[in-house]
Amino acid sequence: MSTRLIRTTLVGVTAMAAAGSALLATPATAAETRPPGHTATQAAMDAAVEAGVPGVVAEVRDSHGGWKGTSGVADLTTGQSRGNGDRFRAGSVTKTLVATVLLQLQAERRIDLDATVDPYLPGLVRGNGHDGTRITIRQLMNHTSGIFNFTEDATFAKRVLGIDFLDTRYDGWTPQQVIALALRNPPQFEPGTSWKYSNTNYLLLGLIIEKLTGRSYADEIERRITGPLGMRATYFPGTDPHVPGPTRHYSTFTEDPGKIYDVTELNPSWAWAAGEMITNASDLNRLYAALLGGRLLRPAQLAQMTTTVSTEGNLARQRYGLGLIEYETTCGIKVWGHSGGIHGSSTQAFGTKDGRHMITLNFNGDWVGGGKNVVSAEFC
């Protein structure tokens with residue numbers, strides 16, 4: 001989800017660093033085995049762990065082959081190190097796949113992205129100033145719709161993002177229930193007049209995919225993208241609360257500062273097409289290399305995906321396309337991909353516009369912004 005999805009942070013958690021410094025330390029032999037060219041990347045990962053992130057995993061693909069790095073731990077209880085094949089919740093990285101399916105449908109002449117939402121989802125976007133007859137599919141995809149972001153609804157935020165999550169983590173949601181919560185609030189702005197990230201947009205897009213194809217949005221992604229690309233670690237869990245493998249996901253809550261909670265298990269149905277995907281670093285590098293390299297979309301559709309709008313005043317150094325972020329690194333190099341944040345998991349997947357140099361990394365904690373430091377370290 002967006003950088004505003006989680007209202008918790010691991011930055012400055014000194015209790016964990018003090019209590020588990022032995023667990024969080026990078027192995028002494030790591031520096032001896034790092035390939036040249038990625039030492040800055042590894043250093044940025046180690047710095048994130050020093051700042052309080054339990055563990056980091058990263059994988060790079062470039063013209064020299066591949067590089068894999070880890071720092072910190074997968075499990076604060078056992079002290080097990082993070083591994084390069086670890087699966088994790090990828091949050092809003094899901095949006096890139098949803099947008100790719102819609103662009104494929106556009107190429108097949110099955111959807112007009114400049115048509116309004118209402119013909120596809122009659123009467124669904126209504127209330128408190130929202131009007132689906134005035135919002136286009138493209139505006140949903142690039143977050144210029146003005147539709148209220150459901151993760152900012154007070155009821156939802158208290159129940160799912162605050163400490164009440166510990167009692168509600170297994171509750172199930174339908175997309176319609178979540179959309180209804182969002183629409184109880186007024187629009188963020190008039191359609192097409194500004195930009196603001198809204199997870200609600202991608203719930204609506206998931207429903208549109210299902211309306212057009214007669215299949216679940218997840219099945220359509222698997223049929224068109226993850227299956228053909230051999231993304232074997234990637235799946236859409238629905239209501240399944242588990243994450244396979246050793247990596248645990250950790251959060252703190254503002255209501256109980258300083259205490260770290262294991263939030264690995266949760267029913268991700270509320271995130272659905274906006275952010276439920278589980279995957280690993282290798283699969284995401286494969287995805288973005290194929291996408292940016294022109295293997296998933298025709299040139300006309302890829303050009304639309306990479307046509308961006310300003311996010312000025314919202315997200316520094318970023319512009320937003322159709323389910324795709326253009327990010328300017330600290331040294332001015334522009335890379336393309338997406339970020340994802342969901343309880344206890346923060347992911348960055350970015351690469352050059354030709355898809356030949358990619359990095360995907362994951363923190364098993366909530367420090368979403370810190371991942372950009374690792375991205376910049378790799379490309380700068």
# chains A, B, ... in the order shown; residues from 1 in each chain; ligands from 1
$ select_by_dssp --residues "stretch 63-273 of chain A" --states "helix (DSSP H, G or I)" --output "PyMOL selection string"
chain A and resi 91-107+137-141+150-152+154-161+165-168+175-183+199-213+217-226+268-270+272-273
$ residues_around --residues "A:Ile208" --least-positions-apart "2" --cutoff "10 Å" --atoms "only C-alpha atoms" --output "count of residues only"
18
$ residues_around --residues "A:Phe148" --least-positions-apart "3" --cutoff "8 Å" --atoms "only C-alpha atoms" --output "short mmCIF file (atom, residue, chain, number, x, y, z; two decimals) with N, CA, C and O atoms, in the first residue's frame"
data_model
loop_
_atom_site.label_atom_id
_atom_site.label_comp_id
_atom_site.auth_asym_id
_atom_site.auth_seq_id
_atom_site.Cartn_x
_atom_site.Cartn_y
_atom_site.Cartn_z
N GLU A 152 -7.50 5.78 5.06
CA GLU A 152 -7.57 7.00 5.86
C GLU A 152 -8.93 7.18 6.52
O GLU A 152 -9.14 8.16 7.25
N ALA A 182 -14.98 3.78 2.30
CA ALA A 182 -14.31 4.93 1.69
C ALA A 182 -15.30 5.99 1.27
O ALA A 182 -15.08 7.19 1.49
N LEU A 183 -16.42 5.56 0.67
CA LEU A 183 -17.37 6.51 0.11
C LEU A 183 -18.22 7.21 1.16
O LEU A 183 -18.99 8.12 0.83
N ASN A 185 -16.84 9.09 3.11
CA ASN A 185 -16.06 10.30 3.23
C ASN A 185 -16.16 11.11 1.94
O ASN A 185 -16.42 10.57 0.86
N PRO A 186 -15.94 12.41 2.00
CA PRO A 186 -15.99 13.23 0.79
C PRO A 186 -14.79 12.95 -0.10
O PRO A 186 -13.75 12.46 0.36
N PRO A 187 -14.89 13.27 -1.38
CA PRO A 187 -13.75 13.12 -2.29
C PRO A 187 -12.56 13.95 -1.83
O PRO A 187 -12.71 14.97 -1.14
N GLN A 188 -11.38 13.54 -2.27
CA GLN A 188 -10.17 14.29 -1.93
C GLN A 188 -10.03 15.54 -2.79
O GLN A 188 -9.40 16.52 -2.35
N SER A 198 -4.71 6.66 -3.56
CA SER A 198 -5.93 6.10 -2.98
C SER A 198 -6.01 4.61 -3.28
O SER A 198 -6.17 4.21 -4.44
N THR A 200 -8.40 2.79 -2.69
CA THR A 200 -9.75 2.50 -3.16
C THR A 200 -9.78 2.38 -4.67
O THR A 200 -10.54 1.56 -5.24
#
$ closest_atom_pairs --of "stretch 155-206 of chain A" --to "stretch 331-347 of chain A" --cutoff "12 Å" --atoms "only C-alpha atoms" --output "Markdown table"
| residue | atom | partner | partner_atom | distance |
| --- | --- | --- | --- | --- |
| A:Val160 | CA | A:His343 | CA | 9.5 |
| A:Leu161 | CA | A:His343 | CA | 7.9 |
| A:Gly162 | CA | A:His343 | CA | 10.3 |
| A:Ile163 | CA | A:His343 | CA | 11.4 |
| A:Phe165 | CA | A:His343 | CA | 9.7 |
| A:Leu166 | CA | A:His343 | CA | 11.2 |
| A:Arg169 | CA | A:His343 | CA | 10.3 |
| A:Asn199 | CA | A:Gly340 | CA | 11.5 |
$ residues_around --residues "A:Val125" --least-positions-apart "5" --cutoff "9 Å" --atoms "only C-alpha atoms" --output "list in words"
Val117, Asp118, His130, Asp131, Gly132, Thr133, Ile147, Ile179, Ala180, Leu183 and Leu204 of chain A
$ residues_around --residues "A:Glu378" --least-positions-apart "2" --cutoff "7 Å" --atoms "only C-alpha atoms" --output "PDB file with C-alpha atoms, in the first residue's frame"
ATOM      1  CA  HIS A  38      27.204  -3.525  -4.572  1.00  0.00           C
ATOM      2  CA  ALA A  40      27.085   0.696  -1.156  1.00  0.00           C
ATOM      3  CA  THR A  41      23.869  -1.285  -1.446  1.00  0.00           C
ATOM      4  CA  VAL A 374      18.928   1.243  -0.611  1.00  0.00           C
ATOM      5  CA  VAL A 375      17.546   1.859  -4.107  1.00  0.00           C
ATOM      6  CA  SER A 376      19.609   5.020  -4.462  1.00  0.00           C
ATOM      7  CA  CYS A 380      24.251   5.766  -7.567  1.00  0.00           C
TER       8      CYS A 380
END
$ residues_around --residues "A:Thr168" --least-positions-apart "4" --cutoff "9 Å" --atoms "only C-alpha atoms" --output "list in words"
Arg159, Val160, Asp164, Gly172, Leu266 and Asn267 of chain A
$ write_last_selection --atoms "C-alpha atoms" --output "PDB file, in the first residue's frame"
ATOM      1  CA  ARG A 159      -9.777  -1.302  13.393  1.00  0.00           C
ATOM      2  CA  VAL A 160      -7.052  -2.402  10.978  1.00  0.00           C
ATOM      3  CA  ASP A 164      -7.062  -2.925  17.525  1.00  0.00           C
ATOM      4  CA  GLY A 172     -12.606 -10.864   6.524  1.00  0.00           C
ATOM      5  CA  LEU A 266      -3.401 -11.328   9.023  1.00  0.00           C
ATOM      6  CA  ASN A 267      -6.370 -11.776   6.725  1.00  0.00           C
TER       7      ASN A 267
END
$ closest_atom_pairs --of "stretch 82-106 of chain A" --to "stretch 68-72 of chain A" --cutoff "12 Å" --atoms "only C-alpha atoms" --output "JSON lines"
{"residue": "A:Arg82", "atom": "CA", "partner": "A:Thr70", "partner_atom": "CA", "distance": 6.1}
{"residue": "A:Gly83", "atom": "CA", "partner": "A:Thr70", "partner_atom": "CA", "distance": 6.8}
{"residue": "A:Asn84", "atom": "CA", "partner": "A:Lys68", "partner_atom": "CA", "distance": 6.6}
{"residue": "A:Gly85", "atom": "CA", "partner": "A:Lys68", "partner_atom": "CA", "distance": 9.8}
{"residue": "A:Asp86", "atom": "CA", "partner": "A:Thr70", "partner_atom": "CA", "distance": 10.5}
$ atom_distance --atom1 "atom CA of A:Asp262" --atom2 "atom CA of A:Thr360"
23.1 Å
$ residues_around --residues "A:Gln139" --least-positions-apart "5" --cutoff "8 Å" --atoms "only C-alpha atoms" --output "number ranges by chain"
A: 144-145, 191-192
$ select_by_dssp --residues "stretch 165-370 of chain A" --states "strand (DSSP E or B)" --output "ChimeraX atom specification"
/A:235,250-251,261-262,278-279,309-310,318-320,325-328,334-342,345-351,358-363
$ closest_residue --among "A:Val53, A:Gln106, A:Glu190, A:Thr279" --to "A:Ile135" --atoms "only C-alpha atoms"
A:Glu190
$ closest_residue --among "A:Lys158, A:Arg356, A:Arg295, A:Arg87" --to "A:Pro228" --atoms "only C-alpha atoms"
A:Arg295
$ atom_distance --atom1 "atom CA of A:Ile359" --atom2 "atom CA of A:Ala51"
21.1 Å
$ closest_residue --among "A:Asp219, A:Asp256, A:Asp354, A:Asp171" --to "A:Ser269" --atoms "only C-alpha atoms"
A:Asp171
$ atom_distance --atom1 "atom CA of A:Val98" --atom2 "atom CA of A:Asn285"
16.8 Å
$ closest_residue --among "A:Met141, A:Met45, A:Leu113, A:Leu229" --to "A:Thr308" --atoms "only C-alpha atoms"
A:Met141
